[in-house]
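Here is the structure we will look at.
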Amino acid sequence: RQMCIRDRSGGGLTGLTLQDGYIHQRTLAQVGTAEPSLEIVTNLGMLQQVVFSSFNHERPIRVKELAPTAVVGFLYSNPIPPDMVSVAKAGGADEVHLRYDTLSAELVQEVHEMGMEVMAWFRGPADMADVSELQLLRDVVQMKTDGICTNRPDGLYSILHS
């Protein structure tokens with residue numbers, strides 16, 4: 001499982017994703033971020049430890065063109081296009097990053113059957129009620145997602161270790 005911590009300072013989204021103590025996620029939030037992000041990650045020797053993702057799928061596609069072994073994810077919000085799984089696969093995505101309330105066990109299974117992973121992401125605290133988010137986290141864990149991005153890593157930790 002993954003826990004993602006977002007840093008919204010500096011005008012764009014960057015992310016730190018922790019899995020087994022050390023995995024990073026780089027969100028390609030703005031135009032022109034693919035090349036410099038890839039350069040930084042490559043120079044740090046962390047290409048196999050980073051997931052590049054964006055709502056604008058041309059950016060992770062560009063990363064994949066420049067570095068075919070890079071892991072890229074396509075971010076989706078709501079509504080999910082009906083052809084999301086085939087589009088992500090055709091675009092070279094290794095993962096799809098889906099908003100928690102768009103997930104179903106069947107969709108997670110469909111993505112897995114296409115050879116990709118699923119990361120569920122939750123909105124910020126202004127949009128979430130504390131009590132319901134913990135139940136939603138439990139639901140997403142039960143769907144067998146491969147990663148979860150939440151502003152409540154304490155709640156996720158307690159669920160995973162209960």
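Order determines the names: the first chain of the structure tokens is A, the second B, and so forth; residues in each chain are numbered 1 upward, and ligands are numbered 1 upward as they are shown.
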
### For region 81-88 of chain A: contacts at 9 Å, only C-alpha atoms, fewer than 6 positions along chain excluded, given as a list in words
His57, Gly73, Phe74, Asp94, Glu95, Val96, Leu107, Glu110, Val111, Met114 and Met116 of chain A

* All residues 12 Å or closer to Lys144 (chain A), only C-alpha atoms, same chain fewer than 4 positions away omitted, as a PyMOL selection string -> chain A and resi 1+103-112+117-120+137-140+148+160

Closest atom pairs, region 69-125 of chain A residues within 12 Å of region 29-43 of chain A, only C-alpha atoms, as JSON lines:
```
{"residue": "A:Thr69", "atom": "CA", "partner": "A:Thr42", "partner_atom": "CA", "distance": 11.3}
{"residue": "A:Ala70", "atom": "CA", "partner": "A:Leu38", "partner_atom": "CA", "distance": 8.8}
{"residue": "A:Val71", "atom": "CA", "partner": "A:Leu38", "partner_atom": "CA", "distance": 11.0}
{"residue": "A:Val72", "atom": "CA", "partner": "A:Ala34", "partner_atom": "CA", "distance": 10.9}
{"residue": "A:Phe74", "atom": "CA", "partner": "A:Ala29", "partner_atom": "CA", "distance": 11.8}
{"residue": "A:Leu75", "atom": "CA", "partner": "A:Ala29", "partner_atom": "CA", "distance": 10.5}
```

Could you please take those selected residues and save N, CA and C atoms as a PDB file, in the first residue's frame?
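Contents of the output file result-v5.pdb:
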```
ATOM      1  N   THR A  69      11.203   3.082 -19.478  1.00  0.00           N
ATOM      2  CA  THR A  69      11.078   2.284 -18.254  1.00  0.00           C
ATOM      3  C   THR A  69      10.465   3.070 -17.096  1.00  0.00           C
ATOM      4  N   ALA A  70      10.197   4.353 -17.306  1.00  0.00           N
ATOM      5  CA  ALA A  70       9.559   5.161 -16.262  1.00  0.00           C
ATOM      6  C   ALA A  70       8.156   4.635 -16.000  1.00  0.00           C
ATOM      7  N   VAL A  71       7.724   4.733 -14.749  1.00  0.00           N
ATOM      8  CA  VAL A  71       6.367   4.335 -14.374  1.00  0.00           C
ATOM      9  C   VAL A  71       5.497   5.590 -14.442  1.00  0.00           C
ATOM     10  N   VAL A  72       4.405   5.503 -15.235  1.00  0.00           N
ATOM     11  CA  VAL A  72       3.524   6.658 -15.391  1.00  0.00           C
ATOM     12  C   VAL A  72       2.092   6.283 -15.065  1.00  0.00           C
ATOM     13  N   PHE A  74      -2.084   7.798 -15.221  1.00  0.00           N
ATOM     14  CA  PHE A  74      -3.062   8.754 -15.728  1.00  0.00           C
ATOM     15  C   PHE A  74      -4.031   9.063 -14.602  1.00  0.00           C
ATOM     16  N   LEU A  75      -4.126  10.346 -14.241  1.00  0.00           N
ATOM     17  CA  LEU A  75      -5.053  10.790 -13.201  1.00  0.00           C
ATOM     18  C   LEU A  75      -6.432  11.025 -13.807  1.00  0.00           C
TER      19      LEU A  75
END
```

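If you look at CA of Lys89 (chain A) and CA of Arg62 (chain A), they are 14.7 Å away from each other.
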
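Near Ser77 (chain A), within a cut-off of 9 Å and counting only C-alpha atoms, sit the residues Phe55, Leu75, Pro79, Ile80, His97, Leu98, Arg99 and Thr102 of chain A, with same-chain residues fewer than 2 positions away left out.
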
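Between Leu134 (chain A) and the residues A:Glu65, A:Gly115, A:Gln48, A:Asp154, the shortest atom-to-atom distance, using only C-alpha atoms, involves A:Asp154.
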
Closest of A:Phe52, A:Tyr76, A:Tyr100, A:Tyr157 to Met143 (chain A), counting only C-alpha atoms, is A:Tyr100

Open item on the list: Using DSSP secondary structure from the backbone, list all alpha helix (DSSP H) positions within region 54-161 of chain A, as a ChimeraX atom specification.
Closed with: /A:58-66,84-90,105-113,130-142,153-160

The selected residues should be written to file as a compact mmCIF listing (two decimals), in the first residue's frame (atoms: N, CA and C atoms).
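Output file out.txt follows:
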```txt
# COMPACT_ATOMS: atom_id res chain seq x y z
N GLU A 58 -1.02 13.79 -21.80
CA GLU A 58 0.11 14.01 -22.71
C GLU A 58 1.42 14.12 -21.93
N ARG A 59 1.36 14.58 -20.68
CA ARG A 59 2.59 14.74 -19.89
C ARG A 59 3.19 13.40 -19.48
N PRO A 60 2.44 12.47 -18.91
CA PRO A 60 3.07 11.17 -18.65
C PRO A 60 3.42 10.41 -19.92
N ILE A 61 2.64 10.62 -20.99
CA ILE A 61 3.00 10.01 -22.27
C ILE A 61 4.37 10.51 -22.70
N ARG A 62 4.61 11.81 -22.53
CA ARG A 62 5.91 12.40 -22.89
C ARG A 62 7.02 11.80 -22.04
N VAL A 63 6.79 11.61 -20.76
CA VAL A 63 7.79 10.99 -19.89
C VAL A 63 8.10 9.59 -20.41
N LYS A 64 7.08 8.84 -20.77
CA LYS A 64 7.26 7.47 -21.26
C LYS A 64 8.05 7.46 -22.58
N GLU A 65 7.81 8.45 -23.44
CA GLU A 65 8.56 8.56 -24.70
C GLU A 65 10.04 8.79 -24.42
N LEU A 66 10.33 9.64 -23.44
CA LEU A 66 11.72 9.98 -23.12
C LEU A 66 12.41 8.88 -22.31
N MET A 84 -11.92 4.64 -20.30
CA MET A 84 -10.75 5.01 -19.50
C MET A 84 -9.68 3.92 -19.49
N VAL A 85 -10.07 2.68 -19.27
CA VAL A 85 -9.09 1.61 -19.14
C VAL A 85 -8.33 1.41 -20.45
N SER A 86 -9.04 1.36 -21.57
CA SER A 86 -8.38 1.15 -22.86
C SER A 86 -7.53 2.35 -23.26
N VAL A 87 -7.99 3.56 -22.96
CA VAL A 87 -7.20 4.76 -23.27
C VAL A 87 -5.91 4.77 -22.46
N ALA A 88 -6.00 4.46 -21.17
CA ALA A 88 -4.81 4.44 -20.32
C ALA A 88 -3.82 3.39 -20.81
N LYS A 89 -4.31 2.21 -21.14
CA LYS A 89 -3.44 1.14 -21.62
C LYS A 89 -2.79 1.53 -22.95
N ALA A 90 -3.57 2.08 -23.88
CA ALA A 90 -3.04 2.49 -25.19
C ALA A 90 -2.04 3.62 -25.04
N ALA A 105 -15.10 -2.35 -6.99
CA ALA A 105 -14.26 -3.55 -7.03
C ALA A 105 -14.15 -4.07 -8.46
N GLU A 106 -15.22 -3.94 -9.23
CA GLU A 106 -15.21 -4.41 -10.62
C GLU A 106 -14.25 -3.58 -11.47
N LEU A 107 -14.24 -2.27 -11.26
CA LEU A 107 -13.33 -1.41 -12.03
C LEU A 107 -11.88 -1.71 -11.67
N VAL A 108 -11.59 -1.88 -10.39
CA VAL A 108 -10.23 -2.23 -9.96
C VAL A 108 -9.81 -3.54 -10.62
N GLN A 109 -10.69 -4.52 -10.64
CA GLN A 109 -10.38 -5.80 -11.27
C GLN A 109 -10.14 -5.63 -12.77
N GLU A 110 -10.95 -4.82 -13.43
CA GLU A 110 -10.78 -4.58 -14.87
C GLU A 110 -9.41 -3.97 -15.17
N VAL A 111 -9.02 -2.99 -14.37
CA VAL A 111 -7.71 -2.35 -14.55
C VAL A 111 -6.60 -3.37 -14.33
N HIS A 112 -6.71 -4.16 -13.28
CA HIS A 112 -5.71 -5.20 -12.99
C HIS A 112 -5.62 -6.20 -14.14
N GLU A 113 -6.76 -6.58 -14.70
CA GLU A 113 -6.76 -7.54 -15.81
C GLU A 113 -6.05 -6.99 -17.05
N ASP A 130 -14.41 13.97 8.63
CA ASP A 130 -13.46 13.05 9.27
C ASP A 130 -14.01 11.64 9.46
N VAL A 131 -15.22 11.51 9.96
CA VAL A 131 -15.76 10.19 10.26
C VAL A 131 -15.97 9.40 8.98
N SER A 132 -16.58 10.02 7.97
CA SER A 132 -16.89 9.28 6.74
C SER A 132 -15.62 8.93 5.98
N GLU A 133 -14.58 9.74 6.07
CA GLU A 133 -13.36 9.43 5.32
C GLU A 133 -12.76 8.12 5.78
N LEU A 134 -12.79 7.84 7.06
CA LEU A 134 -12.23 6.58 7.55
C LEU A 134 -12.99 5.39 6.98
N GLN A 135 -14.32 5.49 6.91
CA GLN A 135 -15.09 4.40 6.32
C GLN A 135 -14.79 4.28 4.82
N LEU A 136 -14.66 5.41 4.15
CA LEU A 136 -14.33 5.39 2.73
C LEU A 136 -12.94 4.78 2.51
N LEU A 137 -12.00 5.08 3.38
CA LEU A 137 -10.68 4.46 3.29
C LEU A 137 -10.79 2.95 3.45
N ARG A 138 -11.60 2.49 4.41
CA ARG A 138 -11.80 1.05 4.60
C ARG A 138 -12.36 0.42 3.32
N ASP A 139 -13.35 1.09 2.73
CA ASP A 139 -13.97 0.57 1.50
C ASP A 139 -12.95 0.45 0.37
N VAL A 140 -12.11 1.46 0.21
CA VAL A 140 -11.11 1.46 -0.86
C VAL A 140 -10.07 0.37 -0.62
N VAL A 141 -9.65 0.18 0.62
CA VAL A 141 -8.70 -0.89 0.95
C VAL A 141 -9.30 -2.24 0.57
N GLN A 142 -10.57 -2.44 0.87
CA GLN A 142 -11.23 -3.72 0.57
C GLN A 142 -11.35 -3.97 -0.94
N PRO A 153 -3.11 9.94 6.51
CA PRO A 153 -2.27 8.75 6.60
C PRO A 153 -2.38 8.05 7.95
N ASP A 154 -2.70 8.82 9.00
CA ASP A 154 -2.90 8.21 10.31
C ASP A 154 -4.09 7.26 10.30
N GLY A 155 -5.17 7.69 9.67
CA GLY A 155 -6.36 6.83 9.56
C GLY A 155 -6.10 5.61 8.70
N LEU A 156 -5.40 5.80 7.59
CA LEU A 156 -5.07 4.68 6.72
C LEU A 156 -4.17 3.69 7.45
N TYR A 157 -3.19 4.22 8.17
CA TYR A 157 -2.28 3.35 8.93
C TYR A 157 -3.07 2.50 9.93
N SER A 158 -4.00 3.14 10.64
CA SER A 158 -4.77 2.40 11.64
C SER A 158 -5.63 1.32 10.98
N ILE A 159 -6.17 1.59 9.81
CA ILE A 159 -6.97 0.60 9.09
C ILE A 159 -6.11 -0.56 8.63
N LEU A 160 -4.94 -0.26 8.09
CA LEU A 160 -4.06 -1.31 7.57
C LEU A 160 -3.45 -2.17 8.69
```

Enumerate the residues of region 90-155 of chain A with a DSSP assignment of strand (DSSP E), computed from the backbone, and present them as a ChimeraX atom specification. /A:95-99,117-121,147-149

Could you write out the selected residues, including N, CA, C and O atoms, as a JSON list (two decimals), in the first residue's frame?
```
[["chain", "number", "residue", "atom", "x", "y", "z"],
["A", 95, "GLU", "N", -0.26, 2.76, -14.46],
["A", 95, "GLU", "CA", -1.22, 2.90, -13.37],
["A", 95, "GLU", "C", -2.32, 3.86, -13.80],
["A", 95, "GLU", "O", -2.10, 4.72, -14.65],
["A", 96, "VAL", "N", -3.49, 3.71, -13.17],
["A", 96, "VAL", "CA", -4.52, 4.73, -13.26],
["A", 96, "VAL", "C", -4.76, 5.23, -11.84],
["A", 96, "VAL", "O", -4.75, 4.46, -10.88],
["A", 97, "HIS", "N", -4.92, 6.54, -11.72],
["A", 97, "HIS", "CA", -5.11, 7.18, -10.43],
["A", 97, "HIS", "C", -6.53, 7.74, -10.42],
["A", 97, "HIS", "O", -6.83, 8.69, -11.13],
["A", 98, "LEU", "N", -7.40, 7.12, -9.63],
["A", 98, "LEU", "CA", -8.83, 7.39, -9.66],
["A", 98, "LEU", "C", -9.31, 7.98, -8.34],
["A", 98, "LEU", "O", -8.89, 7.53, -7.27],
["A", 99, "ARG", "N", -10.21, 8.95, -8.45],
["A", 99, "ARG", "CA", -10.80, 9.52, -7.25],
["A", 99, "ARG", "C", -11.59, 8.43, -6.52],
["A", 99, "ARG", "O", -12.27, 7.62, -7.14],
["A", 117, "GLU", "N", -1.96, -0.93, -12.50],
["A", 117, "GLU", "CA", -2.28, -0.80, -11.09],
["A", 117, "GLU", "C", -3.26, 0.36, -10.88],
["A", 117, "GLU", "O", -3.41, 1.21, -11.75],
["A", 118, "VAL", "N", -3.88, 0.37, -9.70],
["A", 118, "VAL", "CA", -4.86, 1.40, -9.35],
["A", 118, "VAL", "C", -4.42, 2.11, -8.09],
["A", 118, "VAL", "O", -4.13, 1.47, -7.08],
["A", 119, "MET", "N", -4.36, 3.44, -8.17],
["A", 119, "MET", "CA", -4.13, 4.26, -6.99],
["A", 119, "MET", "C", -5.40, 5.08, -6.77],
["A", 119, "MET", "O", -5.87, 5.75, -7.69],
["A", 120, "ALA", "N", -5.97, 5.00, -5.58],
["A", 120, "ALA", "CA", -7.14, 5.80, -5.23],
["A", 120, "ALA", "C", -6.66, 7.08, -4.56],
["A", 120, "ALA", "O", -5.77, 7.05, -3.73],
["A", 121, "TRP", "N", -7.25, 8.21, -4.97],
["A", 121, "TRP", "CA", -6.89, 9.47, -4.32],
["A", 121, "TRP", "C", -8.13, 10.11, -3.71],
["A", 121, "TRP", "O", -9.23, 9.99, -4.21],
["A", 147, "GLY", "N", -2.62, 1.38, -4.32],
["A", 147, "GLY", "CA", -2.12, 2.53, -3.59],
["A", 147, "GLY", "C", -3.26, 3.44, -3.21],
["A", 147, "GLY", "O", -4.33, 3.42, -3.81],
["A", 148, "ILE", "N", -3.04, 4.24, -2.17],
["A", 148, "ILE", "CA", -4.04, 5.19, -1.70],
["A", 148, "ILE", "C", -3.32, 6.49, -1.37],
["A", 148, "ILE", "O", -2.33, 6.50, -0.65],
["A", 149, "CYS", "N", -3.84, 7.58, -1.92],
["A", 149, "CYS", "CA", -3.32, 8.92, -1.64],
["A", 149, "CYS", "C", -4.35, 9.62, -0.77],
["A", 149, "CYS", "O", -5.48, 9.85, -1.20]]
```

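In this structure, CA of Gly91 (chain A) sits 24.0 Å away from CA of Phe122 (chain A).
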